[in-house]
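Raw data17.pdb, PDB, C-alpha atoms:
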```pdb
MODEL        1
ATOM      1  CA  MET A   1     -45.020 -56.412  -3.534
ATOM      2  CA  LYS A   2     -45.562 -52.786  -4.448
ATOM      3  CA  THR A   3     -46.172 -52.404  -8.163
ATOM      4  CA  VAL A   4     -45.430 -49.369 -10.234
ATOM      5  CA  ALA A   5     -46.931 -48.993 -13.689
ATOM      6  CA  LEU A   6     -44.375 -47.004 -15.603
ATOM      7  CA  LYS A   7     -46.218 -44.679 -17.932
ATOM      8  CA  THR A   8     -45.082 -42.758 -20.951
ATOM      9  CA  THR A   9     -44.385 -39.126 -20.108
ATOM     10  CA  ARG A  10     -46.378 -36.677 -22.142
ATOM     11  CA  LYS A  11     -44.371 -34.692 -24.629
ATOM     12  CA  SER A  12     -45.160 -32.401 -27.500
ATOM     13  CA  SER A  13     -44.732 -33.889 -30.936
ATOM     14  CA  THR A  14     -42.640 -32.051 -33.490
ATOM     15  CA  SER A  15     -45.604 -31.293 -35.690
ATOM     16  CA  SER A  16     -47.563 -29.857 -32.800
ATOM     17  CA  ALA A  17     -44.756 -27.703 -31.482
ATOM     18  CA  LEU A  18     -44.204 -26.207 -34.891
ATOM     19  CA  GLY A  19     -47.883 -26.260 -35.726
ATOM     20  CA  LEU A  20     -46.502 -26.755 -39.150
ATOM     21  CA  ALA A  21     -47.265 -28.282 -42.191
ATOM     22  CA  LEU A  22     -43.659 -26.737 -42.064
ATOM     23  CA  LEU A  23     -42.105 -26.776 -44.345
ATOM     24  CA  LEU A  24     -45.492 -27.439 -45.741
ATOM     25  CA  MET A  25     -44.725 -31.052 -46.481
ATOM     26  CA  LEU A  26     -47.855 -32.984 -45.576
ATOM     27  CA  PRO A  27     -48.860 -34.464 -48.935
ATOM     28  CA  GLY A  28     -51.877 -36.230 -47.497
ATOM     29  CA  THR A  29     -53.425 -32.974 -46.358
ATOM     30  CA  LEU A  30     -52.356 -30.449 -48.968
ATOM     31  CA  PRO A  31     -54.166 -29.613 -52.206
ATOM     32  CA  ALA A  32     -52.560 -30.959 -55.347
ATOM     33  CA  ASP A  33     -49.973 -28.705 -56.954
ATOM     34  CA  GLU A  34     -51.671 -27.370 -60.064
ATOM     35  CA  PHE A  35     -49.287 -24.541 -60.893
ATOM     36  CA  THR A  36     -45.821 -23.809 -62.146
ATOM     37  CA  LEU A  37     -44.045 -20.809 -60.676
ATOM     38  CA  ASP A  38     -44.944 -18.710 -63.711
ATOM     39  CA  THR A  39     -48.605 -19.660 -63.810
ATOM     40  CA  ALA A  40     -48.844 -19.282 -60.027
ATOM     41  CA  ARG A  41     -47.443 -15.753 -60.131
ATOM     42  CA  THR A  42     -49.923 -14.789 -62.827
ATOM     43  CA  ALA A  43     -52.838 -16.313 -60.938
ATOM     44  CA  ALA A  44     -51.708 -14.867 -57.600
ATOM     45  CA  ALA A  45     -51.529 -11.413 -59.138
ATOM     46  CA  ALA A  46     -55.182 -11.887 -60.043
ATOM     47  CA  GLY A  47     -55.969 -12.889 -56.448
ATOM     48  CA  ASP A  48     -56.226 -16.676 -56.743
ATOM     49  CA  PRO A  49     -55.818 -18.027 -53.159
ATOM     50  CA  LYS A  50     -54.680 -21.458 -54.370
ATOM     51  CA  ALA A  51     -51.876 -19.820 -56.333
ATOM     52  CA  GLU A  52     -50.971 -17.617 -53.350
ATOM     53  CA  TYR A  53     -50.803 -20.690 -51.142
ATOM     54  CA  PHE A  54     -48.724 -22.528 -53.743
ATOM     55  CA  LEU A  55     -46.194 -19.677 -53.821
ATOM     56  CA  GLY A  56     -46.111 -19.508 -50.037
ATOM     57  CA  LYS A  57     -45.260 -23.191 -49.964
ATOM     58  CA  GLN A  58     -42.540 -22.805 -52.593
ATOM     59  CA  TYR A  59     -40.843 -19.957 -50.716
ATOM     60  CA  ALA A  60     -41.131 -21.771 -47.398
ATOM     61  CA  GLN A  61     -39.457 -24.846 -48.868
ATOM     62  CA  GLY A  62     -37.016 -22.998 -51.103
ATOM     63  CA  LYS A  63     -38.391 -25.053 -53.964
ATOM     64  CA  GLY A  64     -37.559 -23.473 -57.317
ATOM     65  CA  VAL A  65     -36.877 -20.175 -55.540
ATOM     66  CA  PRO A  66     -34.534 -19.078 -52.743
ATOM     67  CA  GLN A  67     -35.998 -19.949 -49.377
ATOM     68  CA  ASP A  68     -37.598 -16.799 -48.012
ATOM     69  CA  TYR A  69     -39.890 -17.041 -44.999
ATOM     70  CA  ALA A  70     -40.906 -13.388 -45.224
ATOM     71  CA  LYS A  71     -42.162 -13.819 -48.798
ATOM     72  CA  ALA A  72     -43.768 -17.123 -47.828
ATOM     73  CA  ALA A  73     -45.621 -15.374 -45.005
ATOM     74  CA  GLU A  74     -46.821 -12.646 -47.376
ATOM     75  CA  TYR A  75     -48.331 -15.154 -49.765
ATOM     76  CA  LEU A  76     -49.789 -17.241 -46.953
ATOM     77  CA  ARG A  77     -51.431 -14.148 -45.499
ATOM     78  CA  GLN A  78     -52.988 -13.268 -48.857
ATOM     79  CA  ALA A  79     -54.425 -16.778 -49.175
ATOM     80  CA  ALA A  80     -55.416 -16.929 -45.508
ATOM     81  CA  GLU A  81     -57.360 -13.698 -45.699
ATOM     82  CA  GLN A  82     -59.354 -15.216 -48.557
ATOM     83  CA  GLY A  83     -60.317 -18.184 -46.436
ATOM     84  CA  SER A  84     -57.740 -20.875 -47.290
ATOM     85  CA  ALA A  85     -57.665 -23.141 -44.235
ATOM     86  CA  PHE A  86     -54.270 -24.568 -45.243
ATOM     87  CA  ALA A  87     -52.805 -21.077 -45.433
ATOM     88  CA  GLN A  88     -54.457 -20.038 -42.167
ATOM     89  CA  ASN A  89     -52.962 -23.008 -40.356
ATOM     90  CA  ASP A  90     -49.503 -22.464 -41.806
ATOM     91  CA  LEU A  91     -49.584 -18.741 -41.125
ATOM     92  CA  GLY A  92     -50.436 -19.599 -37.525
ATOM     93  CA  ALA A  93     -47.384 -21.846 -37.488
ATOM     94  CA  PHE A  94     -45.212 -19.041 -38.838
ATOM     95  CA  TYR A  95     -46.359 -16.762 -36.016
ATOM     96  CA  ALA A  96     -45.836 -19.538 -33.459
ATOM     97  CA  LYS A  97     -42.195 -19.922 -34.521
ATOM     98  CA  GLY A  98     -41.447 -16.392 -35.735
ATOM     99  CA  LEU A  99     -40.727 -17.441 -39.312
ATOM    100  CA  GLY A 100     -40.769 -14.427 -41.612
ATOM    101  CA  VAL A 101     -42.893 -12.557 -39.072
ATOM    102  CA  LYS A 102     -42.434 -11.416 -35.490
ATOM    103  CA  GLN A 103     -43.150 -14.282 -33.116
ATOM    104  CA  ASP A 104     -46.619 -13.755 -31.649
ATOM    105  CA  ASP A 105     -48.540 -16.495 -29.826
ATOM    106  CA  GLN A 106     -51.818 -14.586 -29.862
ATOM    107  CA  GLU A 107     -51.607 -14.045 -33.608
ATOM    108  CA  ALA A 108     -50.787 -17.742 -34.021
ATOM    109  CA  VAL A 109     -53.923 -18.633 -32.052
ATOM    110  CA  HIS A 110     -55.982 -16.251 -34.199
ATOM    111  CA  TRP A 111     -54.999 -18.025 -37.418
ATOM    112  CA  TYR A 112     -55.179 -21.511 -35.922
ATOM    113  CA  ARG A 113     -58.720 -20.758 -34.781
ATOM    114  CA  ARG A 114     -59.787 -19.555 -38.218
ATOM    115  CA  ALA A 115     -58.388 -22.711 -39.821
ATOM    116  CA  ALA A 116     -59.840 -24.881 -37.062
ATOM    117  CA  ASP A 117     -63.264 -23.366 -37.604
ATOM    118  CA  HIS A 118     -62.917 -24.415 -41.249
ATOM    119  CA  GLY A 119     -62.324 -27.990 -40.070
ATOM    120  CA  ASP A 120     -58.536 -28.229 -40.580
ATOM    121  CA  PRO A 121     -57.450 -31.077 -38.261
ATOM    122  CA  LEU A 122     -53.859 -29.921 -37.750
ATOM    123  CA  ALA A 123     -55.089 -26.446 -36.800
ATOM    124  CA  GLN A 124     -57.634 -27.989 -34.442
ATOM    125  CA  TYR A 125     -54.839 -29.967 -32.823
ATOM    126  CA  SER A 126     -52.567 -26.916 -32.598
ATOM    127  CA  LEU A 127     -55.346 -24.820 -31.073
ATOM    128  CA  GLY A 128     -55.998 -27.548 -28.529
ATOM    129  CA  HIS A 129     -52.290 -27.673 -27.766
ATOM    130  CA  ASP A 130     -52.223 -23.924 -27.146
ATOM    131  CA  TYR A 131     -55.178 -24.243 -24.766
ATOM    132  CA  ALA A 132     -53.395 -27.093 -22.957
ATOM    133  CA  LEU A 133     -50.258 -24.991 -22.511
ATOM    134  CA  GLY A 134     -51.954 -21.647 -21.991
ATOM    135  CA  ARG A 135     -49.975 -20.267 -24.911
ATOM    136  CA  GLY A 136     -51.461 -17.153 -26.475
ATOM    137  CA  LEU A 137     -54.651 -17.552 -24.436
ATOM    138  CA  SER A 138     -55.789 -18.698 -20.996
ATOM    139  CA  LYS A 139     -55.036 -22.310 -20.153
ATOM    140  CA  ASP A 140     -58.213 -24.388 -20.354
ATOM    141  CA  MET A 141     -58.062 -28.171 -20.481
ATOM    142  CA  SER A 142     -61.761 -28.490 -21.308
ATOM    143  CA  GLU A 143     -61.249 -26.333 -24.400
ATOM    144  CA  ALA A 144     -58.058 -28.230 -25.188
ATOM    145  CA  LEU A 145     -59.941 -31.521 -25.044
ATOM    146  CA  LYS A 146     -62.737 -30.138 -27.238
ATOM    147  CA  TRP A 147     -60.348 -29.152 -30.033
ATOM    148  CA  TYR A 148     -58.216 -32.269 -29.668
ATOM    149  CA  GLU A 149     -61.336 -34.397 -30.035
ATOM    150  CA  LYS A 150     -62.394 -32.531 -33.180
ATOM    151  CA  ALA A 151     -58.994 -33.296 -34.716
ATOM    152  CA  ALA A 152     -59.026 -36.863 -33.400
ATOM    153  CA  ALA A 153     -62.373 -37.436 -35.095
ATOM    154  CA  GLN A 154     -60.459 -36.879 -38.346
ATOM    155  CA  ASN A 155     -57.745 -39.331 -37.209
ATOM    156  CA  GLN A 156     -55.109 -36.624 -36.748
ATOM    157  CA  PRO A 157     -52.390 -38.766 -35.084
ATOM    158  CA  ASP A 158     -51.063 -36.217 -32.572
ATOM    159  CA  ALA A 159     -54.599 -35.407 -31.447
ATOM    160  CA  LEU A 160     -55.401 -39.087 -30.914
ATOM    161  CA  VAL A 161     -52.393 -39.372 -28.606
ATOM    162  CA  ALA A 162     -53.225 -36.094 -26.863
ATOM    163  CA  VAL A 163     -56.784 -37.182 -26.060
ATOM    164  CA  GLY A 164     -55.514 -40.586 -24.986
ATOM    165  CA  ASP A 165     -53.037 -38.900 -22.650
ATOM    166  CA  ILE A 166     -55.695 -36.677 -21.088
ATOM    167  CA  TYR A 167     -57.886 -39.662 -20.273
ATOM    168  CA  PHE A 168     -54.932 -41.865 -19.313
ATOM    169  CA  PHE A 169     -53.380 -39.462 -16.831
ATOM    170  CA  GLY A 170     -56.503 -37.546 -15.758
ATOM    171  CA  ASP A 171     -55.973 -33.829 -16.063
ATOM    172  CA  GLN A 172     -57.284 -30.739 -14.286
ATOM    173  CA  GLY A 173     -60.860 -31.801 -13.650
ATOM    174  CA  ILE A 174     -61.032 -34.325 -16.499
ATOM    175  CA  ALA A 175     -61.454 -37.749 -14.932
ATOM    176  CA  LEU A 176     -59.114 -40.622 -15.691
ATOM    177  CA  ASN A 177     -60.800 -43.013 -18.122
ATOM    178  CA  TYR A 178     -58.741 -46.003 -19.207
ATOM    179  CA  GLN A 179     -61.428 -47.268 -21.563
ATOM    180  CA  ALA A 180     -61.495 -44.000 -23.514
ATOM    181  CA  ALA A 181     -57.693 -43.764 -23.446
ATOM    182  CA  GLN A 182     -57.530 -47.274 -24.854
ATOM    183  CA  GLN A 183     -59.736 -46.356 -27.806
ATOM    184  CA  TYR A 184     -57.739 -43.253 -28.695
ATOM    185  CA  TYR A 185     -54.353 -44.909 -28.238
ATOM    186  CA  SER A 186     -55.478 -47.848 -30.396
ATOM    187  CA  ASN A 187     -56.442 -45.493 -33.212
ATOM    188  CA  ALA A 188     -53.194 -43.575 -32.775
ATOM    189  CA  VAL A 189     -51.206 -46.795 -33.199
ATOM    190  CA  VAL A 190     -53.087 -47.546 -36.414
ATOM    191  CA  GLN A 191     -52.133 -44.035 -37.587
ATOM    192  CA  GLY A 192     -48.455 -44.782 -36.887
ATOM    193  CA  ARG A 193     -47.980 -43.162 -33.459
ATOM    194  CA  LEU A 194     -46.223 -46.159 -31.912
ATOM    195  CA  ASP A 195     -44.759 -44.133 -29.048
ATOM    196  CA  CYS A 196     -48.002 -44.692 -27.096
ATOM    197  CA  LEU A 197     -47.808 -48.506 -27.209
ATOM    198  CA  ASN A 198     -46.536 -48.708 -23.630
ATOM    199  CA  ASN A 199     -49.479 -46.736 -22.285
ATOM    200  CA  LEU A 200     -51.880 -48.691 -24.483
ATOM    201  CA  GLY A 201     -50.498 -51.852 -22.910
ATOM    202  CA  LEU A 202     -51.166 -50.438 -19.451
ATOM    203  CA  THR A 203     -54.807 -49.784 -20.373
ATOM    204  CA  TYR A 204     -55.145 -53.437 -21.341
ATOM    205  CA  GLN A 205     -53.397 -54.430 -18.132
ATOM    206  CA  GLY A 206     -55.763 -52.460 -15.895
ATOM    207  CA  GLY A 207     -58.551 -51.193 -18.119
ATOM    208  CA  GLY A 208     -61.579 -52.428 -16.200
ATOM    209  CA  ILE A 209     -64.026 -54.145 -18.539
ATOM    210  CA  ASN A 210     -61.453 -54.031 -21.337
ATOM    211  CA  THR A 211     -58.660 -55.675 -19.359
ATOM    212  CA  ASN A 212     -56.777 -58.096 -21.589
ATOM    213  CA  PRO A 213     -53.399 -59.264 -20.222
ATOM    214  CA  ALA A 214     -52.422 -60.994 -23.471
ATOM    215  CA  LEU A 215     -52.912 -57.774 -25.455
ATOM    216  CA  ALA A 216     -51.038 -55.864 -22.763
ATOM    217  CA  VAL A 217     -48.070 -58.186 -23.258
ATOM    218  CA  LYS A 218     -48.292 -57.757 -27.041
ATOM    219  CA  CYS A 219     -48.244 -53.974 -26.707
ATOM    220  CA  PHE A 220     -45.269 -54.078 -24.361
ATOM    221  CA  ARG A 221     -43.419 -56.401 -26.739
ATOM    222  CA  ASP A 222     -44.119 -54.133 -29.713
ATOM    223  CA  ALA A 223     -42.892 -51.153 -27.700
ATOM    224  CA  VAL A 224     -39.804 -53.076 -26.556
ATOM    225  CA  VAL A 225     -38.835 -53.716 -30.183
ATOM    226  CA  ARG A 226     -38.714 -49.927 -30.542
ATOM    227  CA  GLY A 227     -36.390 -49.595 -27.569
ATOM    228  CA  ASP A 228     -38.926 -48.372 -24.993
ATOM    229  CA  GLY A 229     -37.319 -48.951 -21.602
ATOM    230  CA  ARG A 230     -40.595 -48.359 -19.759
ATOM    231  CA  ALA A 231     -42.186 -51.191 -21.725
ATOM    232  CA  MET A 232     -39.195 -53.397 -20.848
ATOM    233  CA  LEU A 233     -39.911 -52.812 -17.179
ATOM    234  CA  ASN A 234     -43.633 -53.434 -17.602
ATOM    235  CA  LEU A 235     -42.981 -56.613 -19.573
ATOM    236  CA  GLY A 236     -40.699 -57.734 -16.758
ATOM    237  CA  ARG A 237     -43.521 -57.148 -14.300
ATOM    238  CA  MET A 238     -45.811 -59.365 -16.375
ATOM    239  CA  TYR A 239     -43.258 -62.189 -16.224
ATOM    240  CA  GLU A 240     -42.728 -61.636 -12.507
ATOM    241  CA  SER A 241     -46.440 -61.928 -11.718
ATOM    242  CA  GLY A 242     -47.338 -64.430 -14.439
ATOM    243  CA  THR A 243     -49.921 -62.087 -15.949
ATOM    244  CA  GLY A 244     -50.559 -62.671 -19.638
ATOM    245  CA  VAL A 245     -47.500 -64.968 -19.795
ATOM    246  CA  ASP A 246     -46.176 -67.937 -17.841
ATOM    247  CA  LYS A 247     -44.542 -66.798 -14.619
ATOM    248  CA  ASP A 248     -40.780 -66.659 -15.078
ATOM    249  CA  PRO A 249     -38.721 -64.619 -12.587
ATOM    250  CA  VAL A 250     -35.519 -65.254 -14.535
ATOM    251  CA  GLU A 251     -37.083 -63.718 -17.653
ATOM    252  CA  ALA A 252     -38.487 -60.903 -15.500
ATOM    253  CA  TYR A 253     -35.001 -60.105 -14.177
ATOM    254  CA  LYS A 254     -33.727 -60.038 -17.760
ATOM    255  CA  TRP A 255     -36.237 -57.338 -18.717
ATOM    256  CA  PHE A 256     -35.516 -55.367 -15.561
ATOM    257  CA  THR A 257     -31.834 -55.483 -16.518
ATOM    258  CA  LEU A 258     -32.571 -54.192 -20.015
ATOM    259  CA  ALA A 259     -34.864 -51.485 -18.657
ATOM    260  CA  LEU A 260     -32.157 -50.320 -16.263
ATOM    261  CA  ARG A 261     -29.694 -50.099 -19.147
ATOM    262  CA  ARG A 262     -32.229 -47.824 -20.851
ATOM    263  CA  GLY A 263     -32.150 -45.503 -17.866
ATOM    264  CA  VAL A 264     -35.337 -46.691 -16.150
ATOM    265  CA  LEU A 265     -33.926 -46.487 -12.639
ATOM    266  CA  VAL A 266     -36.932 -47.992 -10.851
ATOM    267  CA  ALA A 267     -35.986 -51.302 -12.519
ATOM    268  CA  LYS A 268     -33.159 -51.601  -9.985
ATOM    269  CA  HIS A 269     -35.759 -51.761  -7.207
ATOM    270  CA  TYR A 270     -37.417 -54.748  -8.892
ATOM    271  CA  GLN A 271     -34.069 -56.463  -9.363
ATOM    272  CA  GLU A 272     -33.247 -56.032  -5.706
ATOM    273  CA  GLU A 273     -36.584 -57.523  -4.693
ATOM    274  CA  LEU A 274     -35.930 -60.600  -6.817
ATOM    275  CA  ARG A 275     -32.494 -60.882  -5.198
ATOM    276  CA  GLY A 276     -34.178 -61.054  -1.791
ATOM    277  CA  ALA A 277     -34.082 -57.456  -0.558
ATOM    278  CA  SER A 278     -37.798 -57.459   0.333
ATOM    279  CA  PRO A 279     -39.425 -59.920   2.746
ATOM    280  CA  LEU A 280     -42.703 -59.376   0.845
ATOM    281  CA  VAL A 281     -41.338 -61.081  -2.259
ATOM    282  CA  LYS A 282     -41.121 -64.837  -1.850
ATOM    283  CA  THR A 283     -39.217 -65.516  -5.073
ATOM    284  CA  HIS A 284     -35.475 -65.106  -4.540
ATOM    285  CA  LEU A 285     -33.191 -65.789  -7.493
ATOM    286  CA  THR A 286     -30.007 -67.736  -6.997
ATOM    287  CA  PRO A 287     -26.679 -66.364  -8.253
ATOM    288  CA  GLU A 288     -26.894 -68.903 -11.074
ATOM    289  CA  GLN A 289     -30.339 -67.669 -12.078
ATOM    290  CA  ILE A 290     -29.162 -64.059 -12.018
ATOM    291  CA  ALA A 291     -26.235 -65.009 -14.227
ATOM    292  CA  GLU A 292     -28.653 -66.693 -16.650
ATOM    293  CA  SER A 293     -30.850 -63.581 -16.694
ATOM    294  CA  THR A 294     -27.836 -61.412 -17.435
ATOM    295  CA  ARG A 295     -26.777 -63.741 -20.244
ATOM    296  CA  ARG A 296     -30.263 -63.516 -21.767
ATOM    297  CA  ALA A 297     -30.190 -59.731 -21.499
ATOM    298  CA  ASN A 298     -26.822 -59.560 -23.224
ATOM    299  CA  ASP A 299     -27.962 -61.913 -25.980
ATOM    300  CA  TYR A 300     -31.095 -59.871 -26.551
ATOM    301  CA  ALA A 301     -29.122 -56.627 -26.690
ATOM    302  CA  GLN A 302     -26.713 -58.057 -29.265
ATOM    303  CA  VAL A 303     -29.530 -59.307 -31.511
ATOM    304  CA  ALA A 304     -31.484 -56.052 -31.133
ATOM    305  CA  ALA A 305     -28.436 -53.991 -32.093
ATOM    306  CA  LYS A 306     -28.213 -55.837 -35.414
ATOM    307  CA  ALA A 307     -31.931 -55.842 -36.200
ATOM    308  CA  PRO A 308     -33.310 -53.373 -38.774
ATOM    309  CA  ALA A 309     -35.433 -50.560 -37.425
ATOM    310  CA  PRO A 310     -39.120 -51.547 -37.275
ATOM    311  CA  GLU A 311     -41.447 -49.922 -39.750
ATOM    312  CA  ASP A 312     -43.889 -47.296 -38.547
ATOM    313  CA  GLY A 313     -47.432 -48.506 -38.328
ATOM    314  CA  ALA A 314     -46.353 -52.126 -37.950
ATOM    315  CA  ALA A 315     -48.114 -52.636 -34.641
ATOM    316  CA  ALA A 316     -51.889 -52.753 -34.395
ATOM    317  CA  PRO A 317     -53.010 -54.557 -31.229
ATOM    318  CA  GLU A 318     -56.599 -54.817 -32.372
ATOM    319  CA  LYS A 319     -59.132 -53.016 -34.510
ATOM    320  CA  PRO A 320     -59.802 -49.850 -32.527
ATOM    321  CA  ALA A 321     -63.193 -48.677 -31.440
ATOM    322  CA  ALA A 322     -64.232 -45.313 -32.811
ATOM    323  CA  PRO A 323     -63.524 -42.522 -30.283
TER     324      PRO A 323
ENDMDL
END
```

Now, as a test, write the supplied structure out as structure tokens.
Amino acid sequence: MKTVALKTTRKSSTSSALGLALLLMLPGTLPADEFTLDTARTAAAAGDPKAEYFLGKQYAQGKGVPQDYAKAAEYLRQAAEQGSAFAQNDLGAFYAKGLGVKQDDQEAVHWYRRAADHGDPLAQYSLGHDYALGRGLSKDMSEALKWYEKAAAQNQPDALVAVGDIYFFGDQGIALNYQAAQQYYSNAVVQGRLDCLNNLGLTYQGGGINTNPALAVKCFRDAVVRGDGRAMLNLGRMYESGTGVDKDPVEAYKWFTLALRRGVLVAKHYQEELRGASPLVKTHLTPEQIAESTRRANDYAQVAAKAPAPEDGAAAPEKPAAP
């Protein structure tokens, strides 16, 4: 039987597309607020970059003052020109989105690069993202990978996924490497990026020396809890082949049914094979077995609809290796 590993499609995360600490709300990466508005204005007038950055953040958020992106950009520029990596990154984000300034991808790249050179992981990720898209500079996946890896070394979640994707899919001269993808995806999961669980499962399913069918099944199950239709299909394939679980075509058909309801159209092909449409597949379900599979799918859907949303960071397939 022809098998199709359904992978997660690459997509830009919100934080990467904005480049933003926008509206400057990343408490784990920002310096502690040490000013009031009054003391910040006094210090900013004397040229204190921390105070300038503080005021830029306040105006960007509309916190204690009317929201004003133009004023925020002014203060961010003052701090950025004095070497504040936070301000440089956020000013790059303002140019990327045209917030308080004229939208300008090249200017965004300029400020991202300055912040990235100072070691700011979000700026390193954003610069890598611009190289990957060819936005504001020439497209260059080798440069993209370099900056992504710098950010990933600081456990920046979007960068961990981005590097994992590059190695998972193979991209413009960069060879596919499931083992490397596995390491980066594992770290990304620990950092709360659970949207890559399906692909992580596929690396355990066919990852060469790191193949581990039981962990593949665990990843697919964790992704299924979060409503990932691709993982539903891949879990069904594990039950169909008896890989990592006991072989159970009725349970496989159930997961194909759920995947199809999630819009994963290739699941219909697998259902048809189990119904006897392909002479290559020896297992043919009876009408009674199909009815049982459908009942299981309906029961699962009813229970899932009532279940509370899973917490971010709840899934950690194993302790990840350092990228």

### Task
Mind checking which residues fall within 6 Å of region 251-266 of chain A, counting only C-alpha atoms, ignoring those fewer than 4 positions away in the same chain, and posting them as a PyMOL selection string?
chain A and resi 229+232-233+236+239-240+293+297

### Query
By how many Å are CA of Pro310 (chain A) and CA of Pro249 (chain A) apart?
27.9 Å

### Task
List the neighbours of Met238 (chain A) out to 10 Å using only C-alpha atoms; skip same-chain residues closer than 3 positions along the sequence, and give me the result as a PyMOL selection string.
chain A and resi 205+213-214+216-217+220+232-235+241-249+251-252

### Using all atoms listed in the file: which of A:Ala305, A:Ala93, A:Val190, A:Ala180 has the shortest distance to Ala72 (chain A)
A:Ala93

### Message
Which residue is closest to Asp117 (chain A)? Choose from A:Val224, A:Leu202, A:Val161, A:Ala151 and count only C-alpha atoms.
### Response
A:Ala151

#### Entry: CA of Ala80 (chain A) to CA of Ala40 (chain A), distance in Å rounded to a single decimal
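A separation of 16.1 Å between them.
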
### Query
What gap, in Å, lies between CA of Glu272 (chain A) and CA of Ala291 (chain A)?
14.2 Å

### Query
Within 9 Å of Ile290 (chain A), counting only C-alpha atoms, which residues qualify if same-chain residues fewer than 2 places away don't, as a ChimeraX atom specification?
/A:250,253-254,275,285-288,292-295

Go ahead and dump the residues you just picked, C-alpha atoms, as a compact mmCIF listing (two decimals), keeping the file's coordinate frame.
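Written output follows (part.txt):
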```txt
# COMPACT_ATOMS: atom_id res chain seq x y z
CA VAL A 250 -35.52 -65.25 -14.54
CA TYR A 253 -35.00 -60.10 -14.18
CA LYS A 254 -33.73 -60.04 -17.76
CA ARG A 275 -32.49 -60.88 -5.20
CA LEU A 285 -33.19 -65.79 -7.49
CA THR A 286 -30.01 -67.74 -7.00
CA PRO A 287 -26.68 -66.36 -8.25
CA GLU A 288 -26.89 -68.90 -11.07
CA GLU A 292 -28.65 -66.69 -16.65
CA SER A 293 -30.85 -63.58 -16.69
CA THR A 294 -27.84 -61.41 -17.43
CA ARG A 295 -26.78 -63.74 -20.24
```

Give, as lines of an AutoDock Vina configuration file, the centre coordinates and the x, y and z edge lengths in Å to one decimal for an axis-aligned box around all listed atoms of region 196-214 of chain A, padded by 6 Å on each side.
```
center_x = -55.3
center_y = -52.8
center_z = -21.6
size_x = 29.5
size_y = 28.3
size_z = 23.3
```

### Task
Taking the file as shown, find all residues satisfying the PyMOL selection byres ((chain A and resi 162) around 12) and write them as a VMD selection string.
chain A and resid 9 to 13 16 124 to 126 128 to 129 132 141 144 to 152 155 to 161 163 to 171 180 to 181 184 to 185 187 to 188 193 195 to 196

Spatial sel., origin (-42.4, -18.1, -49.5), limit 6 Å, all atoms listed in the file, listed as a PDB file with C-alpha atoms, in the coordinates of the input:
```pdb
ATOM      1  CA  LEU A  55     -46.194 -19.677 -53.821  1.00  0.00           C
ATOM      2  CA  GLY A  56     -46.111 -19.508 -50.037  1.00  0.00           C
ATOM      3  CA  LYS A  57     -45.260 -23.191 -49.964  1.00  0.00           C
ATOM      4  CA  GLN A  58     -42.540 -22.805 -52.593  1.00  0.00           C
ATOM      5  CA  TYR A  59     -40.843 -19.957 -50.716  1.00  0.00           C
ATOM      6  CA  ALA A  60     -41.131 -21.771 -47.398  1.00  0.00           C
ATOM      7  CA  ASP A  68     -37.598 -16.799 -48.012  1.00  0.00           C
ATOM      8  CA  TYR A  69     -39.890 -17.041 -44.999  1.00  0.00           C
ATOM      9  CA  LYS A  71     -42.162 -13.819 -48.798  1.00  0.00           C
ATOM     10  CA  ALA A  72     -43.768 -17.123 -47.828  1.00  0.00           C
TER      11      ALA A  72
END
```

### Task
Give me the residues within 12 Å of region 96-112 of chain A as a PyMOL selection string, counting only C-alpha atoms and dropping any in the same chain fewer than 6 places off.
chain A and resi 15-20+22-23+56+59-60+67-77+79-81+83-90+118-131+133-138+147

### Message
Using all atoms listed in the file and a cutoff of 10 Å, can you tell me which residues are near (-45.7, -46.8, -27.3) in the file's coordinates, and write them out as a PyMOL selection string?
### Response
chain A and resi 7-8+185+188-189+193-201+219-224+226-228+230-231+315

Would you write out those residues with C-alpha atoms, as a PDB file, in the coordinates of the input?
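So the final result, stored in result_18.pdb, reads:
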```pdb
ATOM      1  CA  LYS A   7     -46.218 -44.679 -17.932  1.00  0.00           C
ATOM      2  CA  THR A   8     -45.082 -42.758 -20.951  1.00  0.00           C
ATOM      3  CA  TYR A 185     -54.353 -44.909 -28.238  1.00  0.00           C
ATOM      4  CA  ALA A 188     -53.194 -43.575 -32.775  1.00  0.00           C
ATOM      5  CA  VAL A 189     -51.206 -46.795 -33.199  1.00  0.00           C
ATOM      6  CA  ARG A 193     -47.980 -43.162 -33.459  1.00  0.00           C
ATOM      7  CA  LEU A 194     -46.223 -46.159 -31.912  1.00  0.00           C
ATOM      8  CA  ASP A 195     -44.759 -44.133 -29.048  1.00  0.00           C
ATOM      9  CA  CYS A 196     -48.002 -44.692 -27.096  1.00  0.00           C
ATOM     10  CA  LEU A 197     -47.808 -48.506 -27.209  1.00  0.00           C
ATOM     11  CA  ASN A 198     -46.536 -48.708 -23.630  1.00  0.00           C
ATOM     12  CA  ASN A 199     -49.479 -46.736 -22.285  1.00  0.00           C
ATOM     13  CA  LEU A 200     -51.880 -48.691 -24.483  1.00  0.00           C
ATOM     14  CA  GLY A 201     -50.498 -51.852 -22.910  1.00  0.00           C
ATOM     15  CA  CYS A 219     -48.244 -53.974 -26.707  1.00  0.00           C
ATOM     16  CA  PHE A 220     -45.269 -54.078 -24.361  1.00  0.00           C
ATOM     17  CA  ARG A 221     -43.419 -56.401 -26.739  1.00  0.00           C
ATOM     18  CA  ASP A 222     -44.119 -54.133 -29.713  1.00  0.00           C
ATOM     19  CA  ALA A 223     -42.892 -51.153 -27.700  1.00  0.00           C
ATOM     20  CA  VAL A 224     -39.804 -53.076 -26.556  1.00  0.00           C
ATOM     21  CA  ARG A 226     -38.714 -49.927 -30.542  1.00  0.00           C
ATOM     22  CA  GLY A 227     -36.390 -49.595 -27.569  1.00  0.00           C
ATOM     23  CA  ASP A 228     -38.926 -48.372 -24.993  1.00  0.00           C
ATOM     24  CA  ARG A 230     -40.595 -48.359 -19.759  1.00  0.00           C
ATOM     25  CA  ALA A 231     -42.186 -51.191 -21.725  1.00  0.00           C
ATOM     26  CA  ALA A 315     -48.114 -52.636 -34.641  1.00  0.00           C
TER      27      ALA A 315
END
```
